[in-house]
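Listing of query_32.cif; format and content: mmCIF, C-alpha atoms and all ligand atoms.
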data_upload
loop_
_atom_site.label_atom_id
_atom_site.label_comp_id
_atom_site.auth_asym_id
_atom_site.auth_seq_id
_atom_site.Cartn_x
_atom_site.Cartn_y
_atom_site.Cartn_z
CA MET A 599 -110.47 116.05 36.33
CA HIS A 600 -106.98 116.95 35.26
CA ASN A 601 -104.47 116.17 32.57
CA THR A 602 -101.16 114.59 33.41
CA ALA A 603 -98.86 115.37 30.56
CA ALA A 604 -95.29 114.17 30.33
CA THR A 605 -92.49 115.49 28.16
CA PRO A 606 -92.91 113.94 24.73
CA PRO A 607 -90.03 111.48 24.17
CA ASP A 608 -89.19 112.86 20.72
CA GLN A 609 -88.85 116.36 22.06
CA HIS A 610 -86.27 115.88 24.76
CA GLY A 611 -83.00 117.55 23.94
CA PRO A 612 -79.49 116.29 24.63
CA HIS A 613 -79.77 117.63 28.17
CA GLY A 614 -83.42 116.75 28.66
CA GLY A 615 -83.00 113.47 30.51
CA ASP A 616 -84.57 110.18 29.64
CA PRO A 617 -87.96 110.43 27.88
CA PHE A 618 -89.34 107.43 29.73
CA ASP A 619 -88.70 108.87 33.19
CA PRO A 620 -91.76 111.16 33.26
CA ILE A 621 -93.98 108.44 31.77
CA ALA A 622 -92.90 105.91 34.39
CA ALA A 623 -93.21 108.52 37.16
CA ALA A 624 -96.78 109.40 36.11
CA LEU A 625 -97.80 105.74 35.92
CA ARG A 626 -96.30 105.12 39.35
CA GLU A 627 -97.98 108.16 40.89
CA HIS A 628 -101.35 108.26 39.10
CA GLY A 629 -101.64 105.03 37.14
CA TYR A 630 -102.24 106.92 33.92
CA VAL A 631 -100.59 109.50 31.70
CA VAL A 632 -101.59 111.55 28.65
CA LEU A 633 -98.83 112.28 26.14
CA PRO A 634 -99.80 115.02 23.67
CA ALA A 635 -97.27 114.09 20.99
CA PRO A 636 -94.92 111.22 21.84
CA LEU A 637 -94.27 110.02 18.26
CA PRO A 638 -92.74 111.79 15.24
CA PRO A 639 -95.40 113.33 12.92
CA SER A 640 -93.99 111.43 9.93
CA LEU A 641 -94.70 108.15 11.69
CA LEU A 642 -98.25 109.23 12.57
CA GLY A 643 -98.92 110.14 8.94
CA ALA A 644 -97.54 106.81 7.73
CA LEU A 645 -99.69 104.90 10.23
CA LEU A 646 -102.85 106.73 9.17
CA ARG A 647 -102.06 106.12 5.48
CA HIS A 648 -101.57 102.43 6.21
CA PHE A 649 -104.77 102.33 8.28
CA ARG A 650 -106.78 103.88 5.46
CA SER A 651 -105.20 101.67 2.81
CA ILE A 652 -106.62 98.53 4.42
CA ASP A 653 -109.77 97.20 2.79
CA PRO A 654 -112.65 97.81 5.24
CA GLY A 655 -113.65 94.17 4.72
CA GLN A 656 -110.46 93.19 6.57
CA PHE A 657 -111.69 94.88 9.74
CA LYS A 658 -113.71 92.78 12.17
CA ARG A 659 -116.53 93.87 14.43
CA ALA A 660 -114.90 94.06 17.83
CA GLY A 661 -116.16 91.68 20.49
CA ILE A 662 -116.23 91.70 24.25
CA GLY A 663 -114.51 89.04 26.33
CA ARG A 664 -111.69 86.86 25.09
CA GLU A 665 -111.49 83.55 23.28
CA ASP A 666 -114.49 81.36 24.13
CA GLU A 667 -116.40 84.15 25.85
CA HIS A 668 -115.98 86.33 22.77
CA GLN A 669 -119.30 87.88 21.84
CA LEU A 670 -120.51 90.76 19.76
CA ASN A 671 -122.66 93.37 21.41
CA ARG A 672 -123.46 96.57 19.60
CA PHE A 673 -124.91 98.04 22.77
CA VAL A 674 -121.49 97.80 24.41
CA ARG A 675 -119.10 98.60 21.59
CA GLY A 676 -119.41 99.39 17.92
CA ASP A 677 -115.84 99.69 16.70
CA GLU A 678 -114.15 97.57 14.06
CA ILE A 679 -110.62 96.31 14.56
CA PHE A 680 -107.62 95.10 12.60
CA TRP A 681 -104.84 93.31 14.51
CA LEU A 682 -101.34 94.52 13.65
CA ASP A 683 -98.17 92.66 12.84
CA ARG A 684 -94.74 93.69 11.60
CA GLY A 685 -95.73 93.49 7.91
CA ASN A 686 -95.86 97.25 7.34
CA PRO A 687 -92.84 99.57 7.88
CA ALA A 688 -94.86 102.20 9.77
CA VAL A 689 -96.30 99.56 12.06
CA GLN A 690 -92.80 98.17 12.49
CA ALA A 691 -91.53 101.60 13.56
CA TYR A 692 -94.45 101.99 15.95
CA LEU A 693 -93.84 98.56 17.46
CA SER A 694 -90.13 99.39 17.88
CA TRP A 695 -91.04 102.53 19.80
CA MET A 696 -93.45 100.58 21.98
CA GLU A 697 -90.73 98.00 22.57
CA GLU A 698 -88.45 100.76 23.86
CA LEU A 699 -91.27 101.92 26.08
CA ARG A 700 -91.85 98.36 27.34
CA LEU A 701 -88.18 98.02 28.29
CA GLY A 702 -88.13 101.51 29.78
CA LEU A 703 -91.16 100.80 31.97
CA ASN A 704 -89.81 97.42 33.05
CA ARG A 705 -86.52 98.99 34.11
CA ARG A 706 -88.27 101.62 36.21
CA LEU A 707 -91.42 99.95 37.48
CA PHE A 708 -90.51 96.24 37.57
CA LEU A 709 -93.78 95.38 35.87
CA GLY A 710 -92.37 92.37 34.04
CA LEU A 711 -94.12 93.42 30.84
CA PHE A 712 -93.58 90.57 28.43
CA ASP A 713 -94.98 91.64 25.10
CA TYR A 714 -97.29 94.08 23.33
CA GLU A 715 -100.33 93.36 21.19
CA CYS A 716 -102.22 96.05 19.29
CA HIS A 717 -104.89 96.72 16.71
CA TYR A 718 -106.26 99.56 14.67
CA ALA A 719 -109.72 100.58 15.79
CA TYR A 720 -112.22 102.32 13.54
CA TYR A 721 -115.29 103.94 15.10
CA ASP A 722 -117.87 104.94 12.53
CA ARG A 723 -120.33 107.74 13.16
CA GLY A 724 -122.75 106.84 15.96
CA THR A 725 -120.56 104.19 17.59
CA PHE A 726 -119.14 104.16 21.14
CA TYR A 727 -117.64 101.81 23.71
CA LYS A 728 -119.47 101.72 27.05
CA LYS A 729 -117.69 101.83 30.41
CA HIS A 730 -115.48 98.76 30.80
CA LEU A 731 -112.20 97.43 32.15
CA ASP A 732 -109.57 96.04 29.77
CA ALA A 733 -108.51 93.48 32.37
CA PHE A 734 -109.91 91.92 35.50
CA LYS A 735 -107.57 91.39 38.42
CA GLY A 736 -106.02 87.93 38.39
CA ASN A 737 -107.98 86.94 35.33
CA THR A 738 -105.97 88.28 32.45
CA ASN A 739 -102.52 89.21 31.41
CA ARG A 740 -103.16 92.72 30.17
CA MET A 741 -101.30 95.09 32.49
CA VAL A 742 -100.95 98.41 30.69
CA SER A 743 -103.32 99.80 28.04
CA THR A 744 -102.23 102.30 25.40
CA VAL A 745 -104.30 104.23 22.88
CA LEU A 746 -102.77 106.35 20.12
CA TYR A 747 -105.22 108.66 18.36
CA LEU A 748 -105.02 109.18 14.60
CA THR A 749 -108.11 111.20 13.60
CA PRO A 750 -106.81 114.20 11.64
CA ASN A 751 -108.08 117.63 12.69
CA TRP A 752 -110.25 116.33 15.50
CA GLN A 753 -112.69 118.98 16.79
CA PRO A 754 -114.76 118.90 20.00
CA ARG A 755 -117.95 118.51 17.96
CA ASP A 756 -116.54 115.26 16.55
CA GLY A 757 -117.01 113.57 19.96
CA GLY A 758 -115.43 110.22 20.73
CA GLU A 759 -113.58 111.43 23.83
CA LEU A 760 -112.19 108.84 26.21
CA LEU A 761 -113.48 109.12 29.77
CA VAL A 762 -111.29 107.50 32.42
CA TYR A 763 -112.98 106.69 35.76
CA PRO A 764 -111.47 106.17 39.20
CA PRO A 765 -110.33 102.70 40.28
CA ASP A 766 -113.08 100.58 41.86
CA SER A 767 -115.85 102.53 40.13
CA MET A 768 -116.75 99.88 37.57
CA ALA A 769 -120.04 99.00 39.24
CA VAL A 770 -120.92 102.41 40.63
CA ALA A 771 -121.62 105.81 39.16
CA ALA A 772 -118.58 108.09 39.39
CA GLU A 773 -117.30 111.29 37.89
CA PRO A 774 -114.52 110.72 35.36
CA LEU A 775 -110.96 111.51 36.45
CA LEU A 776 -109.97 112.43 32.97
CA LYS A 777 -111.44 113.30 29.59
CA VAL A 778 -109.03 112.64 26.74
CA ALA A 779 -109.60 114.25 23.36
CA PRO A 780 -108.80 111.78 20.57
CA ARG A 781 -106.57 114.39 18.97
CA PHE A 782 -104.15 113.32 16.21
CA GLY A 783 -100.90 112.08 17.73
CA GLN A 784 -102.07 112.09 21.34
CA MET A 785 -101.49 108.93 23.38
CA VAL A 786 -102.99 107.81 26.67
CA ILE A 787 -101.48 105.07 28.82
CA PHE A 788 -103.14 103.55 31.89
CA LEU A 789 -103.09 100.48 34.12
CA SER A 790 -105.52 98.00 32.55
CA GLU A 791 -106.82 96.47 35.79
CA GLU A 792 -107.37 99.76 37.58
CA PHE A 793 -109.28 102.18 35.42
CA PRO A 794 -112.76 101.73 34.00
CA HIS A 795 -113.13 103.84 30.88
CA GLU A 796 -115.50 104.53 28.00
CA VAL A 797 -115.52 106.03 24.54
CA LEU A 798 -118.25 108.62 24.01
CA THR A 799 -120.35 108.54 20.87
CA VAL A 800 -118.39 109.43 17.78
CA ASN A 801 -119.81 112.01 15.37
CA ARG A 802 -117.15 111.61 12.69
CA PRO A 803 -115.00 108.57 11.80
CA ARG A 804 -112.38 108.01 14.52
CA TYR A 805 -109.04 106.30 14.00
CA SER A 806 -106.82 104.88 16.74
CA VAL A 807 -104.26 102.25 17.64
CA THR A 808 -105.14 100.40 20.83
CA GLY A 809 -102.66 98.08 22.48
CA TRP A 810 -101.76 96.25 25.66
CA PHE A 811 -98.52 95.38 27.35
CA ARG A 812 -98.96 91.92 28.77
CA VAL A 813 -97.35 89.79 31.41
CA ASN A 814 -96.78 86.13 30.77
CA ASN A 815 -99.24 84.07 32.75
CA SER A 816 -98.32 80.76 31.15
CA LEU A 817 -98.38 77.83 33.54
CA GLY A 818 -96.32 74.80 32.68
CA ASP A 819 -96.77 73.89 29.05
CA ALA A 820 -99.91 75.90 28.54
CA ILE A 821 -99.20 78.49 25.89
CA ASP A 822 -100.73 81.83 26.76
CA PRO A 823 -102.65 82.90 23.68
CA ALA A 824 -102.60 86.45 22.42
CA ARG A 825 -105.90 88.31 22.18
C1 LIG B 901 -110.45 99.80 24.01
C2 LIG B 901 -110.65 101.19 24.46
C3 LIG B 901 -110.31 103.55 24.16
C4 LIG B 901 -110.19 104.58 23.08
O1 LIG B 901 -110.24 99.56 22.81
O2 LIG B 901 -110.47 98.88 24.88
O3 LIG B 901 -111.09 101.35 25.56
O4 LIG B 901 -110.10 105.77 23.43
N1 LIG B 901 -110.30 102.23 23.66
O5 LIG B 901 -110.18 104.23 21.91
MN MN B 902 -110.70 99.65 26.82
#
Please render this file's structure as structure tokens.
Ligand code: OGA
Ligand code: MN
Amino acid sequence: MHNTAATPPDQHGPHGGDPFDPIAAALREHGYVVLPAPLPPSLLGALLRHFRSIDPGQFKRAGIGREDEHQLNRFVRGDEIFWLDRGNPAVQAYLSWMEELRLGLNRRLFLGLFDYECHYAYYDRGTFYKKHLDAFKGNTNRMVSTVLYLTPNWQPRDGGELLVYPPDSMAVAAEPLLKVAPRFGQMVIFLSEEFPHEVLTVNRPRYSVTGWFRVNNSLGDAIDPAR
């Protein structure tokens, strides 16, 4: 298990090179990257304030599968989610940063990332998300997963770490490659089709923004639906 940190984009100086270079290089080499503090603290604070200002009734129990296969299963995942749009200024700033990242990754990795969808996720005490893949090869359009952690003052006893497993280990027991602490401001990025992952049981409310860069799989006139 090891951490692959890249230079946080907001901390590169005038001579520091392009902030997206190390992110793209890590994704190319490993397929995942952990960024300890890629976004400005003021933006993180504004996102958390917005998150907490939303009436809990607006959050939906997260399901598994998409569209018609959508089902709820508390034994698989127990988080509640709120899909984001540009309505809030902090979210707008976040989406602008992710748009820069999308373009930066496309320029370097030729992924053809087409758009980004994201939601807040709230894990109450006692909830988790069992080992899963965000995308199945050839069967989805989610290419790159991102999670930004927003729990203030996270401590190891709070749990809720993200375990990332090796490719092709979905159906077999395997040691995790990576254990990511859901520390305030930290972001993890990984290839959606490659890495099974799970969220360990949370001992204190856990806040995050989960999102996916997607490719456009539309055929003919069929509109490719989000979510
Ligand atoms: C997800 C997910 C990981 C995390 O929402 O699909 O795997 O650390 N989230 O929150
Ligand atoms: Mn996931």
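Residues lying within 9 Å of Thr799 of chain A, counting all atoms listed in the file and ignoring same-chain neighbours fewer than 5 positions away, are Tyr721, Arg723, Gly724, Thr725, Phe726, Tyr727, Asp756, Gly757, Gly758 and Glu759 of chain A.
Shortest separation to ligand LIG 901 (chain B) among A:Phe673, A:Phe618, A:Phe680, A:Trp695 occurs at residue A:Phe680, atoms counted being all atoms listed in the file.
Using all atoms listed in the file for every distance, the candidate list A:Pro764, A:Phe708, A:Glu791, A:Leu693 yields A:Leu693 as the residue closest to Thr808 of chain A.
Close contacts of segment 627-631 of chain A, defined as residues with an atom at most 10 Å away when counting only C-alpha atoms, with chain neighbours fewer than 2 positions off set aside, comprise Asn601, Thr602, Ala603, Ala604, Pro620, Ile621, Ala622, Ala623, Ala624, Leu625, Leu633, Pro634, Val742, Ser743, Thr744, Val762, Pro765, Leu776, Met785, Val786, Ile787, Phe788, Leu789, Ser790, Glu792 and Phe793 of chain A.
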**Message:** Show me which residues are within 10 Å of ligand LIG 901 (chain B) counting only C-alpha atoms and all ligand atoms, and format the list as an MDAnalysis selection string.
**Reply:** chainID A and resid 660 662 675 677:679 716:721 726:733 743:747 758:762 777:780 785:786 790 794:798 804:810
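Take the candidates A:Leu682, A:Val800, A:Ile652, A:Leu637 and check each one against Leu699 of chain A using all atoms listed in the file; the shortest distance goes to A:Leu637.
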**Message:** Please compute the atom CA of Pro617 of chain A-atom CA of Leu703 of chain A distance, one decimal, in Å.
**Reply:** 10.9 Å
**Request:** Have a look at A:Phe657, A:Trp752, A:Tyr714, A:Phe734 and name the one nearest to ligand MN 902 (chain B); count all atoms listed in the file.
**Result:** A:Phe734
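Between atom CA of Gly783 of chain A and atom CA of Leu642 of chain A the interatomic distance comes to 6.5 Å.
The interatomic distance for the pair atom CA of Gly685 of chain A and atom CA of Asn704 of chain A works out to 26.1 Å.
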**Prompt:** Which residue gives the smallest distance to Ala644 of chain A among A:Arg700, A:Arg812, A:Val674, A:Leu748, with only C-alpha atoms counted?
**Reply:** A:Leu748
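Distance annotation: of A:Ala635, A:Asp616, A:Phe782, A:Pro803, the residue with the minimal separation from Gly702 of chain A is A:Asp616; atom set is all atoms listed in the file.
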